[in-house]
Every structure is written in C-alpha cells, then in structure tokens.
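Engineer: My structure is below; once you've seen it, I'll send some questions.
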Protein chains: 2
Amino acid sequence: MKSHIIKRLVEIVGVENVNTDPAEIYCYSRDSTPFQYFADVIIRPTNIAEVSKVLKLANENRIPVYPRGSGTSAAGSPLPVKGGMVVDLTRMNRILGFDEENLQVVMEPGVICDDLNEFLKDYGYFFPPDPASSSAATLGGMVANNSAGNRAIKYGKTKDWILWLEAVLPGGEIIHTGSNTLKSVSSYDLTKLLCGSEGTLAVFTKIGMRVQPLPEAYKTAMFLFDDLDRAGKAIVKARASGVVPCAMEFLDRLTINTSADYAGLDIPDCEAMLLIETDGTESAAEKELKIIIETVEKMNPNQWKIAQDEEERNSLWVARKSAYAALARRSVTTTMEDLTVPISKIPEALKRIQKIPERFDNLIRVATFGHAGDGNLHPTFLYDERVPEQRDAFFKALKIIYDEVALDLGGSITGEHGVGLIRKDFVEKEHGPVEMSLMKGIKRVFDPHNILNPGKGKPWGSTGEPEEV
Amino acid sequence: MKSHIIKRLVEIVGVENVNTDPAEIYCYSRDSTPFQYFADVIIRPTNIAEVSKVLKLANENRIPVYPRGSGTSAAGSPLPVKGGMVVDLTRMNRILGFDEENLQVVMEPGVICDDLNEFLKDYGYFFPPDPASSSAATLGGMVANNSAGNRAIKYGKTKDWILWLEAVLPGGEIIHTGSNTLKSVSSYDLTKLLCGSEGTLAVFTKIGMRVQPLPEAYKTAMFLFDDLDRAGKAIVKARASGVVPCAMEFLDRLTINTSADYAGLDIPDCEAMLLIETDGTESAAEKELKIIIETVEKMNPNQWKIAQDEEERNSLWVARKSAYAALARRSVTTTMEDLTVPISKIPEALKRIQKIPERFDNLIRVATFGHAGDGNLHPTFLYDERVPEQRDAFFKALKIIYDEVALDLGGSITGEHGVGLIRKDFVEKEHGPVEMSLMKGIKRVFDPHNILNPGKGKPWGSTGEPEEV
C-alpha cells in the first residue's frame with residue numbers, strides 16, 4: 001500500500017490504530033474456513049467520523065475495505081481476498097443506552113452478544129438471537145450476517161429485532177435507516193437489506209435493537225435415539241405438534257460423543273440427540289414441554305430426560321454450544337457447513353449427509369448438528385487441510401452438501417452463516433440469473449466502485465462479472 | 001389508450017377481463033383517501049403467464065401499471081395517478097396448499113386475510129397480522145404494504161411471516177425470492193425489500209407464508225379513563241411491565257362513542273379506552289393479564305373489566321375493528337392517518353393531535369385510535385371534502401400530524417398504511433437526501449422505465465425527480 005495512504009490513515013485514526021506489522025496482518029488473515037488472505041493494513045477506528053473518512057479515502061483510491069468484528073465467521077466473510085484494508089470495529093464496543101419505555105437498546109457494532117445479554121439481564125430483558133459463538137460474536141457481525149442460532153425457532157433472527165442502523169456508505173456519507181419506533185413503512189426497507197449483506201453495502205456504526213422480556217421459566221428435555229431416521233421424524237412431528245419451543249437442536253453420534261466429553265456430561269452411546277426447550281410462564285413452559293414429550297415419545301426414543309435444575313440445563317447447553325469447538329479439538333481442520341431444508345426433508349438430508357464420507361473412502365469425517373426446528377443443519381467436516389487428498393475430498397463434499405442435499409431437497413445453501421467465500425459457487429444455482437442481476441444492481445447503487453468486501457459470493461456468485469477494484 | 005394495445009390485452013387475458021367502461025373505470029378511481037384518478041383500462045389476469053405478458057407489453061410501450069387488490073388502502077397507494085392500466089389481482093385468489101410439516105401456506109395474491117385465517121383454523125394455525133380491514137384486504141396488498149394491525153405488538157407485521165415471493169418484474173421476467181425454508185441468508189433480502197414496496201418494484205403472483213399455532217386462550221381487558229394523559233401513561237407503563245400482550249389498542253372519546261354505538265355496546269362516556277389482550281395457555285394468558293391490570297390500575301382508570309366470555313370479547317373487538325367504518329358514517333369524508341412515535345411519546349402525541357381542530361376553528365374534527373402498544377396512532381379526520389375550507393384545513397392538519405407530531409417526536413410518518421399519495425410530501429423529511437437517492441437507485445434497478453405505480457411517494461417523495469413514463 002502506498003505510503004501516502006498509510007500517512008493519511010495515521011492522520012485519521014492515529015498511529016496506534018494503523019498496523020502493517022506482518023504478525024498482525026497474519027492474525028487477520030483467517031476465520032474458521034480453510035482460506036487465508038492477507039490485508040495490507042489493519043485499521044481500528046473508534047468513531048463514525050473516522051469510519052467515514054477511512055471509507056472516503058478508500059473509495060477515492062479504489063482500495064478494498066474489509067469490515068471485521070471478532071472474526072467468528074464460518075464462511076470466510078471478513079477475509080481480505082483482495083488485500084487492502086481490514087477495518088476492525090471491535091473498539092467501537094459501547095452499549096449507548098437502554099430505553100425501557102421504548103424497549104430499545106442502542107449500541108456500537110463491536111458489542112459482544114453475551115455482553116449485551118449480561119447488560120440487559122439486570123433490566124429483565126434479553127436479545128433473543130443466540131449463535132453458538134455468542135461469547136465472541138459482535139452485534140455488527142451478527143447484523144451483517146443476520147445471525148440466528150438456537151432460539152430462532154421461536155424468536156427469529158437478528159433481522160427480526162433490528163429497528164434501525166446508522167451506517168457509512170463507501171463515499172463516506174452517513175445514513176440512518178429505519179425508524180426509532182417499533183413500526184415504520186415509510187421507506188424501502190434499507191435496514192433489512194443491509195442486515196445480511198455481509199459487509200458488501202455499508203459499514204455499520206450504530207445499531208438500534210428492540211428487546212424481549214426474559215421468560216419466567218425454561219423447561220428442557222433431552223431425547224436420545226439409536227436410529228437417525230426416527231430422530232429426524234421426531235423433529236418433523238414435534239414441529240407440527242402445535243407447540244413452538246424456544247429451541248429444537250439436533251446432534252449426531254460423533255458430535256454427542258465429542259461434546260459430552262468436552263462438557264463433562266455422561267451420555268450413553270447413541271445415534272442422535274434432540275435437545276428441546278420451551279419457555280414462558282412456569283406452567284406454560286411445563287405444559288408445552290409435556291406436549292412435545294408426548295409427541296416425541298411416539299417415535300420411540302431410547303431414552304429421554306428432563307433437566308432437573310439450572311445446572312443440568314446449563315451442561316446440556318454447554319454440550320450443544322461447544323459442539324464446534326469440541327470437534328475442532330479432534331481434527332487438524334474442522335469446517336462447519338450451513339444448509340437449510342424444509343423440515344419434512346430433515347430425515348432424508350441427514351441420511352444423505354451421513355453417506356458422504358464413504359464416497360471419499362472415509363478420508364474425511366462428518367459430524368452433524370444444528371437447529372433442527374428450523375431445518376438448519378451444520379454438517380461439520382473433520383480432515384487435515386495440509387493433505388491434498390483430504391482437502392480435495394472436502395471441497396468435493398462441499399459440492400455434494402449444497403447441490404445434492406440443500407438445493408436438491410428444496411432448501412437453501414445457507415441458513416445463518418452467510419455466503420462469504422465458502423458458498424460462493426452455489427448462489428446463482430439457488431437464485432438464478434435474474435435475481436443475481438437485481439442483486440448486482442443493488443450492490444452498484446450502494447458501492448459503485450466495489451470497494452466493500454470485494455471478492456465474495458454475495459452478491460456476485462462465482463460466475464459473476466469481474467470484481468476488480 | 002391506443003387500440004392496438006387494447007387488442008393485445010384482449011389477446012392476453014380475454015375480452016371479458018379487459019374493461020374500458022367508464023363506470024368500471026370510476027369504481028377503480030378511489031380508495032379511502034380524498035384522491036381520485038382514472039385509469040384507461042382495467043385488466044383482470046388469472047395467472048402468472050398473463051401477468052408477465054401484460055407487464056412486458058406495458059414496459060415496451062411505457063404504459064403505467066397500477067397493481068390493485070381490494071382497494072382498502074388508506075394512503076392512495078393503488079390509485080392510477082398517471083392513467084394507464086389498473087391490474088386487478090383479486091381473481092388470483094386461490095390458497096394453493098398448507099404444508100403442516102413445514103408450517104407454510106402458499107397462496108395467490110388475491111386471497112383475503114380473513115379467508116386465509118378461516119382456512120388455517122381447521123388445522124389449528126393462524127396468520128397473525130390482523131389489519132382492521134382483514135375482511136376485505138388481500139394478502140397481495142398486505143405484502144405490498146407490510147400490513148400489521150392489532151397483533152403486531154406480539155406477532156409482528158406481514159414482513160415477519162413472509163418466506164418467499166413469486167413476482168413479475170416490469171420486463172415480464174419471473175423471480176422467486178427468498179427460500180422455501182424457515183431460514184436463509186443466501187441473497188440480499190429481496191423478499192423483505194419487495195414487502196412494503198407498495199407496488200413500485202414488482203407484481204406478486206404467489207406468496208409463501210409461515211404460520212403460527214393458534215393460542216389456547218385469550219384474555220381481554222377494557223380500561224376506561226376520563227383523562228387522556230393518564231391513559232397515555234398507562235400505555236407506557238403497561239409496555240414496560242415485562243409482559244408482551246397480543247394487543248394493546250387505544251380509542252379516544254369520539255371513536256368510543258361512535259364505535260360502541262355501531263357495535264351495540266353500552267360504554268359509559270369517557271376520554272379514552274384501552275383494550276389489552278394476552279394469549280397463550282389459559283394460565284399464562286391469565287397470569288399475564290393480571291400483571292397488566294396491576295400495572296394499569298396504578299394510573300387510576302375510572303373503570304375496568306375483563307371480558308367474561310367469547311361473546312363479550314368479540315363485541316369489544318367489533319367496536320375496535322369497526323372504528324373507521326363507524327366514524328365514516330358520521331361524516332361525508334373520513335380520512336385515516338397513520339403515524340408512529342416512540343411509546344414514551346404517546347401521551348404528548350395524543351395531546352398535540354387533540355389540539356389540531358381548534359387551530360382550524362373546529363372546521364374539521366379528529367378521532368384517534370390505534371395500536372398504542374406499537375406507538376402507532378390513527379388520527380382520523382372528519383370533514384366534508386366538497387367544502388373547500390374544510391378540505392384545505394384537512395391538508396394543513398395533515399402537515400401538522402406528520403411534521404409537528406410524528407417527526408418532531410422522533411417517530412415515523414407511517415407505521416403500516418404506507419406512503420402512497422397522502423404522505424408523499426414527508427418521506428424525504430424523514431429519510432434525508434442520501435437515503436432517498438439509494439431508494440431511487442433501487443427503484444431504477446427493478447423498474448428502469450418507471451412503469452410500476454408511478455407518481456407515488458415511495459420511493460420518490462414529492463421533491464423527487466421527474467417521474468414521467
């Protein structure tokens with residue numbers, strides 16, 4: 001990067017917030033995908049004026065800009081594919097206020113999900129979206145990816161809670177999308193368009209979210225099956241039971257063994273676990289869990305139990321939320337995929353996923369877990385990326401996951417992790433050329449010189465036009 | 001309209017579905033705003049192929065197209081401001097299927113909201129958005145306007161339930177936005193962009209909606225106040241009580257007297273009524289209503305009562321849902337406005353609205369009701385549009401409602417009715433020039449020749465560029 005650019009960046013954010021040290025550049029070169037790209041410089045702004053000036057500079061000089069939160073992406077979304085600047089927003093991490101009368105919390109993009117909920121707990125409220133990475137994921141990243149997680153089945157995704165955004169366009173212009181109120185239809189919905197745009201349209205500097213009163217009680221049940229198909233069918237039946245639980249999670253054998261070990265839980269060997277939770281008033285949560293249990297019992301689980309206290313509930317959730325981290329200890333490379341299928345197709349999807357490793361002589365392994373109640377599965381591949389045959393098998397397996405499972409079963413190539421780099425080749429297959437061209441058109445309206453997060457699958461796909469900046 | 005166009009339209013949809021009869025044109029010239037515009041022709045397509053051909057023809061010949069459902073708009077949204085074609089979609093009114101395992105209902109745009117809920121009831125489900133016009137409003141219109149209504153406080157708006165759209169672009173191209181699954185982040189969110197776009201971006205031909213299990217019980221309480229300010233503060237307190245009711249409605253004196261009479265209810269004279277409802281399991285609904293009552297009682301209502309049975313609950317709801325129709329019988333012209341304010345600003349908003357008529361020597365009257373729990377009020381003006389002084393006073397009052405109430409109190413110029421014609425002059429004031437330019441850019445991507453619903457406030461505003469077609 002040219003020295004006059006670096007000099008100007010130093011003027012904008014201060015010398016301590018401009019970093020070109022190779023060690024630092026290395027730290028920002030990865031997320032949890034098997035990709036690696038190096039930026040020219042890391043910038044750490046602390047306010048909107050700095051963000052605006054940095055973007056204006058980048059835009060005028062056609063320098064790629066990669067906004068980044070904690071880097072928990074499982075899609076390659078923040079990676080600096082074309083070099084340029086990584087704009088690290090984690091220093092903008094203040095919760096700016098909670099307005100209880102308007103049920104609204106305002107924050108900067110670097111606030112971490114669990115910290116937000118810790119803050120809201122004192123008021124008796126919570127922010128429902130709950131990715132497994134909630135202890136590290138920033139709200140800015142969650143908005144950029146429309147993160148969801150365990151409670152989406154009842155409470156929806158980040159998009160369902162966001163009220164407004166303060167954001168900076170590539171030219172440095174500041175916009176305030178949405179409204180300070182709970183309802184507004186006075187514009188095209190730019191807030192929900194930006195949410196899920198994966199850093200390709202604007203950089204968020206302030207977020208307004210509505211919040212939900214904490215439920216009085218949770219009731220949690222664990223079901224174990226020695227048959228994958230019956231577990232899959234139990235999900236379908238439970239979903240049609242007339243109860244909307246606040247979580248309906250699935251873990252397969254490899255995930256269970258690995259996570260239970262990690263969480264210190266004693267769980268008998270089995271093919272599949274369902275973790276189903278209801279919430280609300282004490283009596284409502286109990287009544288609804290009873291209906292779920294009666295429904296799931298018809299599919300003959302080997303065993304089921306209700307968490308007897310908060311401690312038992314917590315350890316079940318530790319097992320689920322640590323699934324990816326626990327699996328990562330088992331293998332050099334652990335790559336988590338993300339697909340959705342209609343709920344009724346879950347049994348078939350599970351069957352097809354389980355059969356993938358044998359197509360590659362078991363060079364790679366797969367562990368599957370996910371938010372079954374939403375039809376959202378995370379097959380996670382265990383392999384060694386340094387071994388060419390294994391890396392090759394993984395990329396072929398990826399194609400099977402999205403072509404032969406997700407799309408063939410009428411689903412989507414990503415439920416909550418985003419397209420990023422890893423799912424680049426499948427976007428156009430899901431959406432077709434006309435929609436791709438609308439998306440590219442929208443991209444050009446916001447970012448005519450393509451400086452924001454260039455080289456990614458959203459909105460370009462792999463067969464898209466040149467993305468040079 | 002040139003005869004070769006009419007001839008071609010007859011070829012596409014059949015002679016019985018092309019109408020140029022002045023009486024017919026007159027029927028499509030109004031909605032419930034004081035505006036009137038005449039189309040050149042009314043077209044009634046019955047399938048997507050016809051819609052596609054009609055749009056292609058219109059696009060090639062630069063003829064304005066005005067998609068229309070039942071015409072229940074309170075914003076002027078479907079009115080054929082620049083002549084051309086009204087495309088009446090009410091004949092495309094089939095419910096195409098309910099997939100209980102995937103909690104999804106698929107329908108054509110002409111399905112009426114109440115009919116959908118009648119259909120879903122047999123399965124134990126419902127579609128929560130509930131505009132007061134639900135007995136006539138079509139789902140296509142509800143998607144186009146992102147309709148909300150009485151239950152939005154707990155269950156959200158149409159946008160929160162829509163999964164995917166089949167839609168036709170002005171060039172005749174067919175798109176399928178979104179996903180058949182409950183979660184997907186594989187594209188820019190075109191579904192939620194189209195939802196609320198007021199017929200300016202595409203014409204919907206098929207809609208996929210998720211649905212919600214019907215709650216076991218409803219508990220409904222009515223509170224009467226002889227003081228507007230205390231009623232307003234009760235709303236604020238009830239909203240911060242930790243309970244999310246499924247409805248929290250407000251009616252002022254004029255609305256109460258008029259609607260109670262219409263619904264055959266005996267309600268003592270008072271300044272304000274709150275209608276608050278909880279739902280869920282029997283015990284949860286009861287417990288939550290108890291908390292609401294304890295909270296509201298602190299604001300000293302003159303009187304309150306719980307609906308003792310389904311019949312009593314129904315008559316309360318008839319009173320609320322018929323408010324606009326009942327008021328319309330009291331006056332030559334009845335124009336319902338739609339603004340939102342932060343919940344904490346409701347008392348001040350009510351005060352400012354009540355003072356408007358005296359600024360015009362009481363030439364016009366105002367009755368206010370609305371979804372108070374969302375900060376969404378519908379001040380409704382009663383006047384005689386044929387009397388120039390009254391019409392003039394109304395348009396000045398409109399400016400006060402949006403400038404001096406909604407925007408001055410940090411709210412939005414429309415919560416659920418849309419911009420249409422009536423709120424055209426206030427869009428740019430709320431959103432500013434940069435956002436306006438993004439919206440215009442998006443419009444151009446979808447509709448480069450501006451044939452879809454031209455002349456409306458979304459996305460152009462009143463100070464927008466020329467909108468000639």
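Letters for chains follow the order of the structure tokens (A, B, ...), residue numbers begin at 1 for each chain, and ligand numbers begin at 1 in the order shown.
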Determine, using only C-alpha atoms, which residues of region 24-118 of chain A have any atom at most 6 Å from an atom of region 201-206 of chain A, and tabulate each with its shortest atom pair and distance in Å to one decimal place, rows ordered by chain and then rising number, as CSV.
Structural biologist:
residue,atom,partner,partner_atom,distance
A:Met107,CA,A:Lys206,CA,5.7
A:Glu108,CA,A:Lys206,CA,4.6
A:Pro109,CA,A:Thr205,CA,5.8
Engineer: Near Val18 (chain B), counting only C-alpha atoms, which residues have an atom at most 6 Å away, once you skip same-chain residues fewer than 2 positions from it, shown as a PyMOL selection string?
Structural biologist: chain B and resi 15-16+42-43
Engineer: Which one of B:His176, B:Lys429, B:Arg68, B:Arg253 sits closest to Leu139 (chain B) if you count only C-alpha atoms?
Structural biologist: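 Residue with the minimum atom-to-atom distance to Leu139 (chain B): B:Arg68.
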Engineer: When DSSP is applied to the backbone of this structure, which of region 76-160 of chain B are assigned helix (DSSP H, G or I)? Write them out as a CSV table (one decimal) with N, CA, C and O atoms, in the first residue's frame.
Structural biologist:
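Done, and the output landed in part.csv:
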chain,number,residue,atom,x,y,z
B,100,GLU,N,-48.4,-28.7,6.7
B,100,GLU,CA,-48.3,-28.6,8.1
B,100,GLU,C,-47.0,-29.0,8.7
B,100,GLU,O,-46.5,-28.4,9.7
B,101,GLU,N,-46.3,-29.9,8.0
B,101,GLU,CA,-45.0,-30.3,8.4
B,101,GLU,C,-43.9,-29.2,8.3
B,101,GLU,O,-43.0,-29.1,9.0
B,102,ASN,N,-44.2,-28.3,7.3
B,102,ASN,CA,-43.2,-27.2,7.2
B,102,ASN,C,-43.8,-25.9,7.6
B,102,ASN,O,-43.2,-24.8,7.4
B,113,CYS,N,-57.5,-11.8,3.8
B,113,CYS,CA,-56.9,-12.2,5.0
B,113,CYS,C,-57.8,-13.0,5.9
B,113,CYS,O,-57.4,-14.1,6.4
B,114,ASP,N,-59.0,-12.6,6.1
B,114,ASP,CA,-59.9,-13.4,7.0
B,114,ASP,C,-60.2,-14.8,6.4
B,114,ASP,O,-60.3,-15.8,7.1
B,115,ASP,N,-60.2,-14.9,5.0
B,115,ASP,CA,-60.4,-16.2,4.4
B,115,ASP,C,-59.3,-17.1,4.7
B,115,ASP,O,-59.4,-18.3,4.9
B,116,LEU,N,-58.1,-16.6,4.7
B,116,LEU,CA,-56.9,-17.3,5.0
B,116,LEU,C,-57.0,-17.9,6.4
B,116,LEU,O,-56.7,-19.1,6.7
B,117,ASN,N,-57.4,-17.0,7.3
B,117,ASN,CA,-57.4,-17.5,8.7
B,117,ASN,C,-58.6,-18.5,9.0
B,117,ASN,O,-58.4,-19.4,9.8
B,118,GLU,N,-59.6,-18.3,8.2
B,118,GLU,CA,-60.7,-19.3,8.3
B,118,GLU,C,-60.2,-20.7,7.8
B,118,GLU,O,-60.5,-21.7,8.5
B,119,PHE,N,-59.4,-20.6,6.7
B,119,PHE,CA,-58.9,-21.9,6.2
B,119,PHE,C,-57.9,-22.5,7.2
B,119,PHE,O,-57.9,-23.7,7.5
B,120,LEU,N,-57.0,-21.7,7.8
B,120,LEU,CA,-56.0,-22.2,8.7
B,120,LEU,C,-56.5,-22.7,10.0
B,120,LEU,O,-55.9,-23.6,10.6
B,121,LYS,N,-57.7,-22.2,10.4
B,121,LYS,CA,-58.3,-22.5,11.7
B,121,LYS,C,-58.5,-24.0,11.8
B,121,LYS,O,-58.3,-24.6,12.9
B,139,LEU,N,-54.0,-10.6,0.6
B,139,LEU,CA,-52.6,-10.8,1.0
B,139,LEU,C,-51.6,-10.1,0.2
B,139,LEU,O,-50.6,-9.7,0.7
B,140,GLY,N,-51.9,-10.0,-1.1
B,140,GLY,CA,-51.0,-9.3,-2.0
B,140,GLY,C,-50.8,-7.8,-1.6
B,140,GLY,O,-49.7,-7.3,-1.5
B,141,GLY,N,-52.0,-7.2,-1.2
B,141,GLY,CA,-51.9,-5.8,-0.7
B,141,GLY,C,-51.2,-5.8,0.6
B,141,GLY,O,-50.4,-4.8,0.9
B,142,MET,N,-51.4,-6.7,1.5
B,142,MET,CA,-50.8,-6.8,2.8
B,142,MET,C,-49.3,-6.9,2.6
B,142,MET,O,-48.5,-6.3,3.4
B,143,VAL,N,-48.8,-7.7,1.6
B,143,VAL,CA,-47.4,-7.8,1.4
B,143,VAL,C,-46.8,-6.5,0.8
B,143,VAL,O,-45.8,-6.0,1.3
B,144,ALA,N,-47.6,-6.0,-0.1
B,144,ALA,CA,-47.1,-4.7,-0.8
B,144,ALA,C,-47.0,-3.6,0.3
B,144,ALA,O,-46.1,-2.7,0.1
B,145,ASN,N,-47.8,-3.6,1.3
B,145,ASN,CA,-47.8,-2.5,2.3
B,145,ASN,C,-47.1,-2.9,3.6
B,145,ASN,O,-47.0,-2.1,4.5
B,152,ALA,N,-49.6,-6.9,16.0
B,152,ALA,CA,-48.2,-6.7,15.7
B,152,ALA,C,-47.3,-6.6,16.9
B,152,ALA,O,-46.2,-6.9,16.9
B,153,ILE,N,-47.9,-6.1,18.0
B,153,ILE,CA,-47.2,-5.9,19.3
B,153,ILE,C,-46.5,-7.1,19.7
B,153,ILE,O,-45.3,-7.1,20.2
B,154,LYS,N,-47.1,-8.3,19.5
B,154,LYS,CA,-46.5,-9.6,19.9
B,154,LYS,C,-46.0,-10.3,18.7
B,154,LYS,O,-45.0,-11.0,18.7
B,155,TYR,N,-46.8,-10.3,17.6
B,155,TYR,CA,-46.5,-11.2,16.5
B,155,TYR,C,-45.9,-10.5,15.2
B,155,TYR,O,-45.6,-11.2,14.3
B,158,THR,N,-46.6,-8.3,8.5
B,158,THR,CA,-46.6,-9.2,7.4
B,158,THR,C,-45.2,-9.6,7.0
B,158,THR,O,-44.9,-10.8,6.8
B,159,LYS,N,-44.3,-8.7,7.1
B,159,LYS,CA,-42.9,-8.9,6.8
B,159,LYS,C,-42.2,-10.0,7.6
B,159,LYS,O,-41.3,-10.7,7.2
B,160,ASP,N,-42.7,-10.1,8.9
B,160,ASP,CA,-42.2,-11.1,9.8
B,160,ASP,C,-42.6,-12.5,9.5
B,160,ASP,O,-42.1,-13.5,10.1
Engineer: Would you pick out the contacts of Lys458 (chain A) at 10 Å or less, using only C-alpha atoms, so that residues sharing its chain but fewer than 6 positions from it are not included, and give the list as a count of residues only?
Structural biologist: 23
Engineer: Out of A:Phe426, A:Tyr218, A:Tyr324, A:Phe446, which residue has the shortest atom-to-atom distance to Ala284 (chain A) when counting only C-alpha atoms?
Structural biologist: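 The closest residue to Ala284 (chain A) is A:Tyr218.
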Engineer: Out of B:Asp279, B:Asp21, B:Asp31, B:Glu385, which residue has the shortest atom-to-atom distance to chain A when counting only C-alpha atoms?
Structural biologist: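 Of B:Asp279, B:Asp21, B:Asp31, B:Glu385, the one nearest chain A, counting only C-alpha atoms, is B:Asp279.
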Engineer: Can you work out the spacing between CA of Val105 (chain B) and CA of Ala240 (chain A) in Å, to one decimal?
Structural biologist: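 Taking CA of Val105 (chain B) as the start and CA of Ala240 (chain A) as the end point, the length is 13.5 Å.
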Engineer: Given the choices B:Phe395, B:Phe38, B:Phe225, B:Tyr125, which gets closest to chain A if the distance is worked out from only C-alpha atoms?
Structural biologist: B:Tyr125
Engineer: Compile the contact shell of Leu350 (chain A) as a VMD selection string: residues with an atom at most 9 Å away, counting only C-alpha atoms, same-chain residues fewer than 6 positions apart removed.
Structural biologist: chain A and resid 228 to 229 232 368 377 405
